[in-house]
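**Student:** Next comes the structure file start.csv, holding CSV, C-alpha atoms and all ligand atoms.
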chain,number,residue,atom,x,y,z
A,321,MET,CA,-6.1,9.0,34.5
A,322,ALA,CA,-9.3,8.2,32.6
A,323,LYS,CA,-9.5,9.7,29.1
A,324,GLU,CA,-12.0,12.4,28.2
A,325,PRO,CA,-14.9,11.0,26.2
A,326,VAL,CA,-14.8,11.3,22.4
A,327,ARG,CA,-18.1,12.4,20.8
A,328,VAL,CA,-19.0,10.2,17.8
A,329,LEU,CA,-21.9,11.1,15.5
A,330,VAL,CA,-23.7,8.3,13.6
A,331,THR,CA,-26.3,9.6,11.1
A,332,GLY,CA,-29.0,7.2,10.0
A,333,ALA,CA,-28.6,5.6,13.3
A,334,ALA,CA,-32.0,4.0,13.3
A,335,GLY,CA,-31.1,2.1,10.1
A,336,GLN,CA,-29.6,-1.3,9.8
A,337,ILE,CA,-26.0,-0.3,9.6
A,338,GLY,CA,-26.6,2.1,12.5
A,339,TYR,CA,-28.1,-0.8,14.6
A,340,ALA,CA,-24.9,-2.9,14.0
A,341,LEU,CA,-22.5,0.0,14.4
A,342,VAL,CA,-23.5,1.8,17.6
A,343,PRO,CA,-22.9,-1.1,19.9
A,344,MET,CA,-19.5,-1.7,18.3
A,345,ILE,CA,-18.6,2.0,19.0
A,346,ALA,CA,-19.9,1.7,22.6
A,347,ARG,CA,-17.8,-1.4,23.2
A,348,GLY,CA,-14.6,0.3,22.1
A,349,VAL,CA,-14.2,-1.4,18.7
A,350,MET,CA,-13.8,1.9,16.9
A,351,LEU,CA,-11.6,4.0,19.2
A,352,GLY,CA,-10.1,1.5,21.6
A,353,HIS,CA,-11.0,-0.4,24.7
A,354,ASP,CA,-9.8,2.4,27.0
A,355,GLN,CA,-11.6,5.3,25.2
A,356,PRO,CA,-14.9,6.5,26.7
A,357,VAL,CA,-17.4,7.7,24.1
A,358,ILE,CA,-20.6,9.8,23.9
A,359,LEU,CA,-22.8,8.7,21.0
A,360,HIS,CA,-24.7,11.3,18.9
A,361,MET,CA,-27.3,9.6,16.9
A,362,LEU,CA,-29.2,11.4,14.1
A,363,ASP,CA,-32.2,10.2,12.1
A,364,ILE,CA,-35.2,11.8,10.4
A,365,PRO,CA,-38.6,12.4,12.1
A,366,PRO,CA,-40.3,9.3,10.7
A,367,ALA,CA,-37.6,7.2,12.4
A,368,ALA,CA,-37.6,9.1,15.7
A,369,GLU,CA,-39.4,6.3,17.6
A,370,ALA,CA,-37.1,3.6,16.3
A,371,LEU,CA,-34.2,5.8,17.1
A,372,ASN,CA,-35.4,6.2,20.7
A,373,GLY,CA,-35.7,2.4,20.8
A,374,VAL,CA,-32.0,2.1,19.9
A,375,LYS,CA,-31.2,4.6,22.6
A,376,MET,CA,-33.1,2.4,25.1
A,377,GLU,CA,-31.2,-0.7,24.1
A,378,LEU,CA,-27.9,1.2,24.5
A,379,VAL,CA,-28.9,2.1,28.0
A,380,ASP,CA,-30.0,-1.5,28.7
A,381,ALA,CA,-26.7,-2.9,27.4
A,382,ALA,CA,-24.8,-1.0,30.2
A,383,PHE,CA,-21.7,-0.4,28.1
A,384,PRO,CA,-19.0,0.8,30.6
A,385,LEU,CA,-17.3,3.0,28.0
A,386,LEU,CA,-20.6,4.8,27.0
A,387,LYS,CA,-20.7,8.1,28.8
A,388,GLY,CA,-23.8,9.5,27.2
A,389,VAL,CA,-26.3,9.2,24.3
A,390,VAL,CA,-27.8,12.1,22.2
A,391,ALA,CA,-30.6,10.7,20.1
A,392,THR,CA,-32.1,13.4,17.9
A,393,THR,CA,-33.7,14.4,14.6
A,394,ASP,CA,-32.1,17.9,14.9
A,395,VAL,CA,-29.0,18.0,12.8
A,396,VAL,CA,-27.5,20.9,14.7
A,397,GLU,CA,-27.9,19.1,18.0
A,398,ALA,CA,-26.5,16.0,16.4
A,399,CYS,CA,-23.4,17.7,15.0
A,400,THR,CA,-22.5,19.9,18.0
A,401,GLY,CA,-19.0,19.2,19.4
A,402,VAL,CA,-18.5,15.9,17.5
A,403,ASN,CA,-15.0,14.6,17.0
A,404,VAL,CA,-15.8,11.8,14.6
A,405,ALA,CA,-18.7,11.7,12.2
A,406,VAL,CA,-19.9,8.5,10.6
A,407,MET,CA,-22.3,9.5,7.9
A,408,VAL,CA,-24.6,6.5,7.2
A,409,GLY,CA,-27.9,8.4,6.8
A,410,GLY,CA,-29.5,8.2,3.4
A,411,PHE,CA,-31.5,5.9,1.1
A,412,PRO,CA,-29.9,2.5,0.5
A,413,ARG,CA,-29.8,0.8,-2.9
A,414,LYS,CA,-32.4,-1.9,-3.4
A,415,GLU,CA,-32.2,-5.0,-5.6
A,416,GLY,CA,-31.9,-4.0,-9.3
A,417,MET,CA,-30.9,-0.4,-8.6
A,418,GLU,CA,-27.5,1.1,-9.6
A,419,ARG,CA,-25.8,3.5,-7.3
A,420,LYS,CA,-26.6,6.3,-9.7
A,421,ASP,CA,-30.3,5.8,-9.0
A,422,VAL,CA,-29.8,6.8,-5.4
A,423,MET,CA,-27.7,9.8,-6.3
A,424,SER,CA,-30.2,12.6,-6.4
A,425,LYS,CA,-31.8,11.6,-3.0
A,426,ASN,CA,-28.5,11.4,-1.3
A,427,VAL,CA,-26.3,14.2,-2.5
A,428,SER,CA,-28.9,16.8,-1.4
A,429,ILE,CA,-28.7,15.3,2.1
A,430,TYR,CA,-24.9,15.6,2.1
A,431,LYS,CA,-25.0,19.2,0.9
A,432,SER,CA,-27.2,20.3,3.8
A,433,GLN,CA,-25.4,18.2,6.4
A,434,ALA,CA,-22.1,19.7,5.3
A,435,SER,CA,-23.0,23.1,6.7
A,436,ALA,CA,-24.2,21.7,10.0
A,437,LEU,CA,-20.9,19.8,10.4
A,438,GLU,CA,-18.9,22.8,9.4
A,439,LYS,CA,-20.6,25.1,11.8
A,440,HIS,CA,-21.0,22.8,14.8
A,441,ALA,CA,-18.6,19.9,14.9
A,442,ALA,CA,-15.4,20.1,16.9
A,443,ALA,CA,-12.3,21.5,15.1
A,444,ASN,CA,-10.5,18.7,13.3
A,445,CYS,CA,-13.5,16.4,13.3
A,446,LYS,CA,-12.8,13.3,11.2
A,447,VAL,CA,-15.6,12.4,8.8
A,448,VAL,CA,-16.2,9.1,7.0
A,449,VAL,CA,-19.1,8.9,4.5
A,450,VAL,CA,-20.7,5.4,4.3
A,451,ALA,CA,-24.0,6.2,2.5
A,452,ASN,CA,-23.9,5.7,-1.2
A,453,PRO,CA,-22.8,7.0,-3.6
A,454,ALA,CA,-20.1,7.2,-0.9
A,455,ASN,CA,-17.3,8.9,-2.8
A,456,THR,CA,-19.5,11.5,-4.4
A,457,ASN,CA,-21.5,12.2,-1.2
A,458,ALA,CA,-18.1,12.8,0.5
A,459,LEU,CA,-17.1,15.1,-2.3
A,460,ILE,CA,-20.3,17.1,-2.0
A,461,LEU,CA,-19.9,17.3,1.8
A,462,LYS,CA,-16.3,18.5,1.3
A,463,GLU,CA,-17.3,21.1,-1.3
A,464,PHE,CA,-20.1,22.5,0.8
A,465,ALA,CA,-18.0,22.6,4.0
A,466,PRO,CA,-15.0,24.5,2.7
A,467,SER,CA,-13.7,25.3,6.2
A,468,ILE,CA,-13.3,21.6,7.1
A,469,PRO,CA,-9.8,20.6,6.1
A,470,GLU,CA,-10.1,18.4,3.0
A,471,LYS,CA,-7.9,15.7,4.6
A,472,ASN,CA,-10.6,15.3,7.2
A,473,ILE,CA,-13.3,14.1,4.8
A,474,THR,CA,-13.1,10.5,3.6
A,475,CYS,CA,-15.4,7.8,2.4
A,476,LEU,CA,-15.6,4.1,3.2
A,477,THR,CA,-13.9,1.6,0.9
A,478,ARG,CA,-12.5,-0.4,3.7
A,479,LEU,CA,-15.4,-2.8,3.3
A,480,ASP,CA,-14.2,-3.6,-0.2
A,481,HIS,CA,-10.6,-3.9,1.1
A,482,ASN,CA,-11.8,-6.4,3.7
A,483,ARG,CA,-13.8,-8.3,1.1
A,484,ALA,CA,-10.6,-8.6,-1.0
A,485,LEU,CA,-8.7,-10.0,2.1
A,486,GLY,CA,-11.6,-12.4,2.7
A,487,GLN,CA,-11.7,-13.7,-0.8
A,488,ILE,CA,-7.9,-14.4,-0.9
A,489,SER,CA,-8.1,-16.0,2.5
A,490,GLU,CA,-10.9,-18.4,1.4
A,491,ARG,CA,-9.3,-19.2,-2.0
A,492,LEU,CA,-5.8,-19.9,-0.6
A,493,ASN,CA,-7.0,-21.4,2.6
A,494,VAL,CA,-4.9,-19.0,4.7
A,495,GLN,CA,-5.8,-16.9,7.8
A,496,VAL,CA,-7.3,-13.5,6.8
A,497,SER,CA,-4.9,-11.9,9.3
A,498,ASP,CA,-2.0,-13.3,7.3
A,499,VAL,CA,-3.0,-11.4,4.1
A,500,LYS,CA,-2.1,-7.8,3.7
A,501,ASN,CA,-1.6,-4.9,1.4
A,502,VAL,CA,-4.4,-5.4,-1.1
A,503,ILE,CA,-5.6,-2.1,-2.6
A,504,ILE,CA,-9.0,-0.9,-3.6
A,505,TRP,CA,-8.6,1.9,-6.2
A,506,GLY,CA,-11.3,4.3,-7.1
A,507,ASN,CA,-15.0,4.2,-6.5
A,508,HIS,CA,-17.0,2.2,-4.0
A,509,SER,CA,-18.9,0.7,-7.0
A,510,SER,CA,-18.6,-2.0,-9.5
A,511,THR,CA,-15.9,-0.1,-11.3
A,512,GLN,CA,-13.6,-0.3,-8.3
A,513,TYR,CA,-10.3,-2.0,-8.9
A,514,PRO,CA,-9.2,-4.6,-6.3
A,515,ASP,CA,-5.5,-4.8,-6.9
A,516,VAL,CA,-3.4,-7.7,-5.6
A,517,ASN,CA,-0.1,-6.9,-7.3
A,518,HIS,CA,1.5,-5.7,-4.0
A,519,ALA,CA,-0.4,-8.0,-1.6
A,520,THR,CA,1.5,-10.4,0.5
A,521,ILE,CA,0.8,-13.5,2.6
A,522,LYS,CA,2.5,-14.6,5.8
A,523,THR,CA,3.7,-18.2,5.4
A,524,PRO,CA,5.9,-20.4,7.6
A,525,ALA,CA,8.6,-19.7,5.0
A,526,GLY,CA,8.2,-15.9,5.4
A,527,GLU,CA,6.1,-13.3,3.6
A,528,LYS,CA,5.3,-14.2,0.0
A,529,PRO,CA,3.7,-12.1,-2.8
A,530,ALA,CA,0.1,-13.3,-3.1
A,531,ARG,CA,0.5,-13.9,-6.8
A,532,GLU,CA,3.2,-16.5,-6.2
A,533,LEU,CA,0.8,-18.6,-4.1
A,534,VAL,CA,-1.9,-18.9,-6.7
A,535,ALA,CA,-1.2,-21.4,-9.5
A,536,ASP,CA,-3.1,-19.4,-12.1
A,537,ASP,CA,-3.2,-15.7,-12.6
A,538,ALA,CA,-6.5,-16.0,-14.3
A,539,TRP,CA,-8.4,-16.1,-10.9
A,540,PHE,CA,-6.7,-12.9,-9.7
A,541,ASN,CA,-7.3,-11.1,-13.0
A,542,GLY,CA,-10.8,-12.3,-13.4
A,543,GLU,CA,-13.1,-13.9,-10.9
A,544,PHE,CA,-11.4,-12.3,-7.9
A,545,ILE,CA,-11.9,-8.8,-9.2
A,546,THR,CA,-15.6,-9.3,-10.2
A,547,THR,CA,-16.4,-11.1,-7.0
A,548,VAL,CA,-15.1,-8.1,-4.9
A,549,GLN,CA,-16.7,-5.6,-7.3
A,550,GLN,CA,-20.1,-7.3,-7.1
A,551,ARG,CA,-20.1,-8.4,-3.5
A,552,GLY,CA,-22.4,-5.6,-2.4
A,553,ALA,CA,-25.0,-6.7,-5.0
A,554,ALA,CA,-24.5,-10.4,-4.1
A,555,ILE,CA,-25.3,-9.5,-0.4
A,556,ILE,CA,-28.4,-7.5,-1.5
A,557,LYS,CA,-29.6,-10.5,-3.6
A,558,ALA,CA,-29.1,-12.9,-0.7
A,559,ARG,CA,-30.4,-10.8,2.2
A,560,LYS,CA,-32.8,-8.5,0.3
A,561,LEU,CA,-31.0,-5.8,2.2
A,562,SER,CA,-27.6,-4.3,1.8
A,563,SER,CA,-24.6,-5.3,3.9
A,564,ALA,CA,-24.8,-4.1,7.4
A,565,LEU,CA,-22.6,-6.0,9.9
A,566,SER,CA,-19.6,-6.0,7.5
A,567,ALA,CA,-20.2,-2.3,6.7
A,568,ALA,CA,-20.4,-1.4,10.4
A,569,SER,CA,-17.3,-3.4,11.2
A,570,SER,CA,-15.3,-1.9,8.3
A,571,ALA,CA,-16.3,1.6,9.3
A,572,CYS,CA,-14.8,0.9,12.8
A,573,ASP,CA,-11.6,-0.4,11.1
A,574,HIS,CA,-11.5,2.8,9.0
A,575,ILE,CA,-11.7,5.2,11.9
A,576,ARG,CA,-9.6,3.0,14.2
A,577,ASP,CA,-6.7,2.9,11.8
A,578,TRP,CA,-7.0,6.6,10.9
A,579,VAL,CA,-7.0,7.6,14.6
A,580,LEU,CA,-4.7,5.0,16.1
A,581,GLY,CA,-2.4,4.3,13.1
A,582,THR,CA,-1.8,1.4,10.7
A,583,PRO,CA,0.6,-1.3,11.7
A,584,GLU,CA,4.2,-0.9,10.4
A,585,GLY,CA,4.5,-2.2,6.8
A,586,THR,CA,0.7,-2.3,6.3
A,587,TRP,CA,-1.5,-0.1,4.4
A,588,VAL,CA,-5.3,0.1,4.1
A,589,SER,CA,-7.7,1.5,1.5
A,590,MET,CA,-9.5,4.8,2.2
A,591,GLY,CA,-11.5,7.1,-0.1
A,592,VAL,CA,-9.6,10.4,0.2
A,593,TYR,CA,-9.4,13.7,-1.7
A,594,SER,CA,-7.1,13.0,-4.7
A,595,ASP,CA,-4.0,15.2,-5.0
A,596,GLY,CA,-3.2,13.8,-8.4
A,597,SER,CA,-1.1,10.8,-7.1
A,598,TYR,CA,-0.9,7.9,-9.6
A,599,ASN,CA,-2.3,10.3,-12.2
A,600,VAL,CA,-5.7,10.1,-10.7
A,601,PRO,CA,-7.4,13.4,-11.5
A,602,ALA,CA,-7.3,15.8,-8.6
A,603,GLY,CA,-10.6,16.9,-7.2
A,604,LEU,CA,-12.2,13.5,-6.8
A,605,ILE,CA,-12.7,11.4,-3.6
A,606,TYR,CA,-10.9,8.3,-4.8
A,607,SER,CA,-9.8,5.2,-2.9
A,608,PHE,CA,-6.0,4.9,-2.5
A,609,PRO,CA,-3.7,2.8,-0.4
A,610,VAL,CA,-2.9,4.8,2.7
A,611,THR,CA,-0.9,4.5,5.9
A,612,CYS,CA,-1.9,6.4,9.0
A,613,GLN,CA,0.1,7.9,11.8
A,614,ASN,CA,-0.7,10.5,14.4
A,615,GLY,CA,-4.2,10.8,13.2
A,616,GLU,CA,-3.2,11.6,9.6
A,617,TRP,CA,-3.4,9.5,6.5
A,618,LYS,CA,-0.8,9.5,3.7
A,619,ILE,CA,-1.2,8.0,0.2
A,620,VAL,CA,1.4,5.3,-0.3
A,621,GLN,CA,3.7,6.5,-3.1
A,622,GLY,CA,5.8,4.8,-5.7
A,623,LEU,CA,3.9,1.5,-6.3
A,624,SER,CA,4.3,0.2,-9.8
A,625,ILE,CA,1.2,0.2,-11.9
A,626,ASP,CA,1.1,-2.1,-14.9
A,627,GLU,CA,-0.9,-1.6,-18.1
A,628,PHE,CA,-3.8,-3.8,-16.9
A,629,SER,CA,-4.0,-1.9,-13.7
A,630,ARG,CA,-3.7,1.5,-15.4
A,631,LYS,CA,-6.8,0.9,-17.5
A,632,LYS,CA,-8.7,0.0,-14.4
A,633,LEU,CA,-7.5,3.0,-12.4
A,634,ASP,CA,-8.6,5.2,-15.2
A,635,ALA,CA,-12.0,3.6,-15.8
A,636,THR,CA,-13.0,4.0,-12.1
A,637,ALA,CA,-11.8,7.7,-12.2
A,638,GLU,CA,-13.8,8.2,-15.3
A,639,GLU,CA,-16.9,7.0,-13.5
A,640,LEU,CA,-16.2,9.2,-10.5
A,641,SER,CA,-15.9,12.3,-12.8
A,642,GLU,CA,-19.2,11.4,-14.4
A,643,GLU,CA,-20.8,11.0,-10.9
A,644,LYS,CA,-19.4,14.3,-9.9
A,645,ALA,CA,-21.1,16.0,-12.9
A,646,LEU,CA,-24.3,14.2,-12.3
A,647,ALA,CA,-24.3,15.2,-8.6
A,648,TYR,CA,-23.9,18.8,-9.5
A,649,SER,CA,-26.7,18.5,-12.0
A,650,CYS,CA,-29.0,17.0,-9.3
A,651,LEU,CA,-28.1,19.9,-7.0
A,652,SER,CA,-28.8,22.7,-9.5
B,1,LIG,P1,-31.2,2.0,6.1
B,1,LIG,O1,-32.2,2.4,5.2
B,1,LIG,O2,-31.4,0.8,7.0
B,1,LIG,O3,-30.8,3.2,7.1
B,1,LIG,C1,-30.6,4.5,6.6
B,1,LIG,C2,-31.1,5.4,7.7
B,1,LIG,O4,-30.8,6.7,7.3
B,1,LIG,C3,-32.6,5.3,7.9
B,1,LIG,O5,-32.9,5.1,9.3
B,1,LIG,C4,-33.1,6.6,7.4
B,1,LIG,O6,-34.3,7.1,8.2
B,1,LIG,C5,-31.9,7.5,7.7
B,1,LIG,N1,-31.9,8.8,7.0
B,1,LIG,C6,-32.5,9.1,5.8
B,1,LIG,N2,-32.3,10.4,5.5
B,1,LIG,C7,-31.6,10.9,6.5
B,1,LIG,C8,-31.1,12.2,6.8
B,1,LIG,N3,-31.3,13.2,6.0
B,1,LIG,N4,-30.4,12.4,8.0
B,1,LIG,C9,-30.2,11.4,8.8
B,1,LIG,N5,-30.7,10.1,8.6
B,1,LIG,C10,-31.3,9.9,7.5
B,1,LIG,O7,-29.8,1.8,5.2
B,1,LIG,P2,-28.5,1.1,5.6
B,1,LIG,O8,-28.6,-0.3,5.2
B,1,LIG,O9,-28.2,1.4,7.1
B,1,LIG,O10,-27.5,1.8,4.6
B,1,LIG,C11,-27.1,3.2,4.8
B,1,LIG,C12,-26.3,3.6,3.6
B,1,LIG,O11,-25.0,3.0,3.6
B,1,LIG,C13,-26.9,3.4,2.3
B,1,LIG,O12,-26.7,4.5,1.4
B,1,LIG,C14,-26.2,2.2,1.8
B,1,LIG,O13,-26.2,2.1,0.4
B,1,LIG,C15,-24.8,2.5,2.3
B,1,LIG,N6,-23.8,1.4,2.3
B,1,LIG,C16,-22.5,1.8,2.1
B,1,LIG,C17,-21.5,0.8,2.2
B,1,LIG,C18,-20.1,1.2,2.0
B,1,LIG,O14,-19.2,0.3,2.1
B,1,LIG,N7,-19.7,2.4,1.7
B,1,LIG,C19,-21.9,-0.5,2.6
B,1,LIG,C20,-23.2,-0.8,2.9
B,1,LIG,C21,-24.2,0.2,2.7
B,2,LIG,C1,-22.1,-2.6,-0.3
B,2,LIG,O1,-21.1,-2.5,-0.9
B,2,LIG,O2,-22.5,-3.6,0.3
B,2,LIG,C2,-23.1,-1.4,-0.3
B,2,LIG,O3,-22.5,-0.3,-0.9
B,2,LIG,C3,-24.4,-1.8,-0.8
B,2,LIG,C4,-24.5,-1.5,-2.3
B,2,LIG,O4,-25.3,-0.6,-2.6
B,2,LIG,O5,-23.9,-2.2,-3.1
Will you turn the file into structure tokens for me?
Ligand code: NAD
Ligand code: LMR
**Tutor:**
Amino acid sequence: MAKEPVRVLVTGAAGQIGYALVPMIARGVMLGHDQPVILHMLDIPPAAEALNGVKMELVDAAFPLLKGVVATTDVVEACTGVNVAVMVGGFPRKEGMERKDVMSKNVSIYKSQASALEKHAAANCKVVVVANPANTNALILKEFAPSIPEKNITCLTRLDHNRALGQISERLNVQVSDVKNVIIWGNHSSTQYPDVNHATIKTPAGEKPARELVADDAWFNGEFITTVQQRGAAIIKARKLSSALSAASSACDHIRDWVLGTPEGTWVSMGVYSDGSYNVPAGLIYSFPVTCQNGEWKIVQGLSIDEFSRKKLDATAEELSEEKALAYSCLS
């Protein structure tokens, strides 16, 4: 029997991530190739004509799984009945700007959209915030939507996770699909900590710790970390626009694994509400290693954290605490 369609909200759908993301969703990349979807696309009035153009293209592409399109500038209409919300709407960082520069513009959007989601989305709607500052926007959304379970509000750090896999694959000349269990700790910012201490690589001789396959630890402890931390800025420098296809693809990975589960023995990175695991202060949206099953994520417990890593986990937590304070000061 055909499945009931799932309603997926994309905010900022007329923007560049939106343009890459909606066809992926309509093709089944996010929720599976047997899952019909109804797309809800929200943007602001100056982008209404462009948004309608995206809707026209979705019709023209004749996606078999796409059972309907709502394209609107009305946040209530956009949020009504949605089962998944991908929050991309906001102002992107431009060359030379730090994430903090876009904070005041974006946190007020997330405060107001929190109430619309709380009142009108389907019960148990899963939310991923993509727009920067992603962790702090997600935190504001959580705090101003108190009736949405906190486990349902997350932010995207899967792009950073995928970037780490990509860098290892390139450096070691191995297939990206053979690399697993990297971790992105903390903020989706240049203080994030890409950790390879538990990462493994599938080889003809079995699974090996990634560190065993690199002759010199200096790369993993230096250039690898800074390359992943700075990749967003490098893309902006090269494209004069922030990443879009990789962000859209990673948002699909994030929701797909959350809904359909992570493969046995594999974890992924998600920005989730901290419960104090790994001595990360509770009350931040912080990126952890998680496994997902039956539509629920769980932080991977018991991983060893050496002194080098500890400092990095703490530094990115510190930045998130500062962002939280700054966000509240922008809202007051
Ligand atoms: P963009 O400017 O191309 O698109 C953003 C869209 O949001 C625009 O169409 C704009 O009109 C719309 N918008 C603005 N205010 C809105 C509101 N209140 N409600 C609904 N829509 C609204 O930007 P983009 O390149 O698509 O990037 C979107 C966001 O994603 C930016 O904040 C960017 O920094 C962030 N980003 C995050 C990641 C990540 O990994 N977390 C990666 C790349 C980009
Ligand atoms: C990215 O990581 O590509 C985005 O968050 C863009 C940015 O602002 O760095």
**Student:** Counting only C-alpha atoms, find residues at most 10 Å from (-17.5, 2.5, 30.2) (file frame) and give them as an MDAnalysis selection string.
**Tutor:** chainID A and resid 325 346:348 353:357 382:388
**Student:** Would you list the contacts of Thr477 of chain A as a VMD selection string, taking every protein, DNA or RNA residue within 12 Å and counting only C-alpha atoms, but skipping same-chain residues closer than 5 positions in sequence?
**Tutor:** chain A and resid 448 to 455 458 482 to 484 502 to 510 512 to 514 548 to 549 552 566 to 575 588 to 592 605 to 610
**Student:** Residues up to 6 Å from ligand LIG 1 (chain B), counting all atoms listed in the file: could you list those as a ChimeraX atom specification?
**Tutor:** /A:331-338,362-364,367,408-413,429,450-452,454,476-477,479,562-564,567
**Student:** List the spatial neighbours of Lys414 of chain A as a list of chain:residue names - criterion: any atom at most 9 Å away, all atoms listed in the file, same-chain residues fewer than 4 positions off excluded.
**Tutor:**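 Near neighbours after the sequence-gap exclusion: A:Glu418, A:Ala553, A:Ile556, A:Lys560, A:Leu561, A:Ser562.
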**Student:** I need the residue nearest ligand LIG 2 (chain B) from this list: A:Gly416, A:Pro601, A:Pro524, A:Gly622. Use only C-alpha atoms and all ligand atoms for the distance.
**Tutor:** A:Gly416
**Student:** Quick one: pull the distance between atom CA of Thr611 of chain A and atom CA of Ala434 of chain A, Å, one decimal.
**Tutor:** 26.1 Å
**Student:** Let me make sure I understand: among A:Gly352, A:Cys445, A:Thr511, A:Leu633, which one has the smallest atom-to-atom distance to Gly581 of chain A if we use only C-alpha atoms?
**Tutor:** A:Gly352
**Student:** So, counting only C-alpha atoms and all ligand atoms, which residue among A:Gln613, A:Ser435, A:Gln550, A:Thr523 is closest to ligand LIG 2 (chain B)?
**Tutor:**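 The closest residue to ligand LIG 2 (chain B) is A:Gln550.
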**Student:** Taking only C-alpha atoms and all ligand atoms into account, name the residue in A:Arg478, A:His518, A:Arg576, A:Arg491 that is nearest to ligand LIG 2 (chain B).
**Tutor:**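 Of all the options, A:Arg478 lies closest to ligand LIG 2 (chain B).
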**Student:** Of the candidates A:Trp587, A:Leu565, A:Ala538, A:Leu351, which one gets nearest to Ala519 of chain A if we count all atoms listed in the file?
**Tutor:**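 Among the listed residues, the smallest separation from Ala519 of chain A belongs to A:Trp587.
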**Student:** Counting only C-alpha atoms, which residue out of A:Thr586, A:Asn517, A:Thr400, A:Thr546 sits closest to Ala443 of chain A?
**Tutor:** A:Thr400
**Student:** Between atom CA of His440 of chain A and atom CA of Val402 of chain A, measure the distance and give it in Å to one decimal.
**Tutor:** 7.8 Å
**Student:** Have segment 355-372 of chain A completed to N, CA and C atoms, please, and pass it along as a JSON list (two decimals), in the frame of the given file.
**Tutor:**
[["chain", "number", "residue", "atom", "x", "y", "z"],
["A", 355, "GLN", "N", -11.14, 3.95, 25.63],
["A", 355, "GLN", "CA", -11.60, 5.30, 25.20],
["A", 355, "GLN", "C", -13.09, 5.46, 25.43],
["A", 356, "PRO", "N", -13.46, 6.25, 26.46],
["A", 356, "PRO", "CA", -14.90, 6.50, 26.70],
["A", 356, "PRO", "C", -15.48, 7.28, 25.47],
["A", 357, "VAL", "N", -16.75, 7.05, 25.20],
["A", 357, "VAL", "CA", -17.40, 7.70, 24.10],
["A", 357, "VAL", "C", -18.76, 8.28, 24.48],
["A", 358, "ILE", "N", -19.17, 9.34, 23.78],
["A", 358, "ILE", "CA", -20.60, 9.80, 23.90],
["A", 358, "ILE", "C", -21.11, 9.69, 22.45],
["A", 359, "LEU", "N", -22.20, 8.94, 22.33],
["A", 359, "LEU", "CA", -22.80, 8.70, 21.00],
["A", 359, "LEU", "C", -23.79, 9.79, 20.67],
["A", 360, "HIS", "N", -23.66, 10.37, 19.48],
["A", 360, "HIS", "CA", -24.70, 11.30, 18.90],
["A", 360, "HIS", "C", -25.35, 10.53, 17.80],
["A", 361, "MET", "N", -26.64, 10.32, 17.91],
["A", 361, "MET", "CA", -27.30, 9.60, 16.90],
["A", 361, "MET", "C", -28.39, 10.46, 16.21],
["A", 362, "LEU", "N", -28.29, 10.55, 14.88],
["A", 362, "LEU", "CA", -29.20, 11.40, 14.10],
["A", 362, "LEU", "C", -30.07, 10.50, 13.22],
["A", 363, "ASP", "N", -31.35, 10.79, 13.15],
["A", 363, "ASP", "CA", -32.20, 10.20, 12.10],
["A", 363, "ASP", "C", -33.27, 11.22, 11.73],
["A", 364, "ILE", "N", -34.15, 10.85, 10.83],
["A", 364, "ILE", "CA", -35.20, 11.80, 10.40],
["A", 364, "ILE", "C", -36.47, 11.55, 11.22],
["A", 365, "PRO", "N", -37.39, 12.52, 11.25],
["A", 365, "PRO", "CA", -38.60, 12.40, 12.10],
["A", 365, "PRO", "C", -39.34, 11.07, 11.97],
["A", 366, "PRO", "N", -39.56, 10.52, 10.76],
["A", 366, "PRO", "CA", -40.30, 9.30, 10.70],
["A", 366, "PRO", "C", -39.64, 8.11, 11.46],
["A", 367, "ALA", "N", -38.33, 8.26, 11.69],
["A", 367, "ALA", "CA", -37.60, 7.20, 12.40],
["A", 367, "ALA", "C", -37.34, 7.52, 13.84],
["A", 368, "ALA", "N", -37.96, 8.62, 14.34],
["A", 368, "ALA", "CA", -37.60, 9.10, 15.70],
["A", 368, "ALA", "C", -37.94, 8.02, 16.77],
["A", 369, "GLU", "N", -39.07, 7.32, 16.61],
["A", 369, "GLU", "CA", -39.40, 6.30, 17.60],
["A", 369, "GLU", "C", -38.45, 5.17, 17.64],
["A", 370, "ALA", "N", -38.12, 4.74, 16.43],
["A", 370, "ALA", "CA", -37.10, 3.60, 16.30],
["A", 370, "ALA", "C", -35.80, 4.07, 16.90],
["A", 371, "LEU", "N", -35.42, 5.32, 16.63],
["A", 371, "LEU", "CA", -34.20, 5.80, 17.10],
["A", 371, "LEU", "C", -34.16, 5.81, 18.68],
["A", 372, "ASN", "N", -35.29, 6.20, 19.25],
["A", 372, "ASN", "CA", -35.40, 6.20, 20.70],
["A", 372, "ASN", "C", -35.29, 4.74, 21.24]]
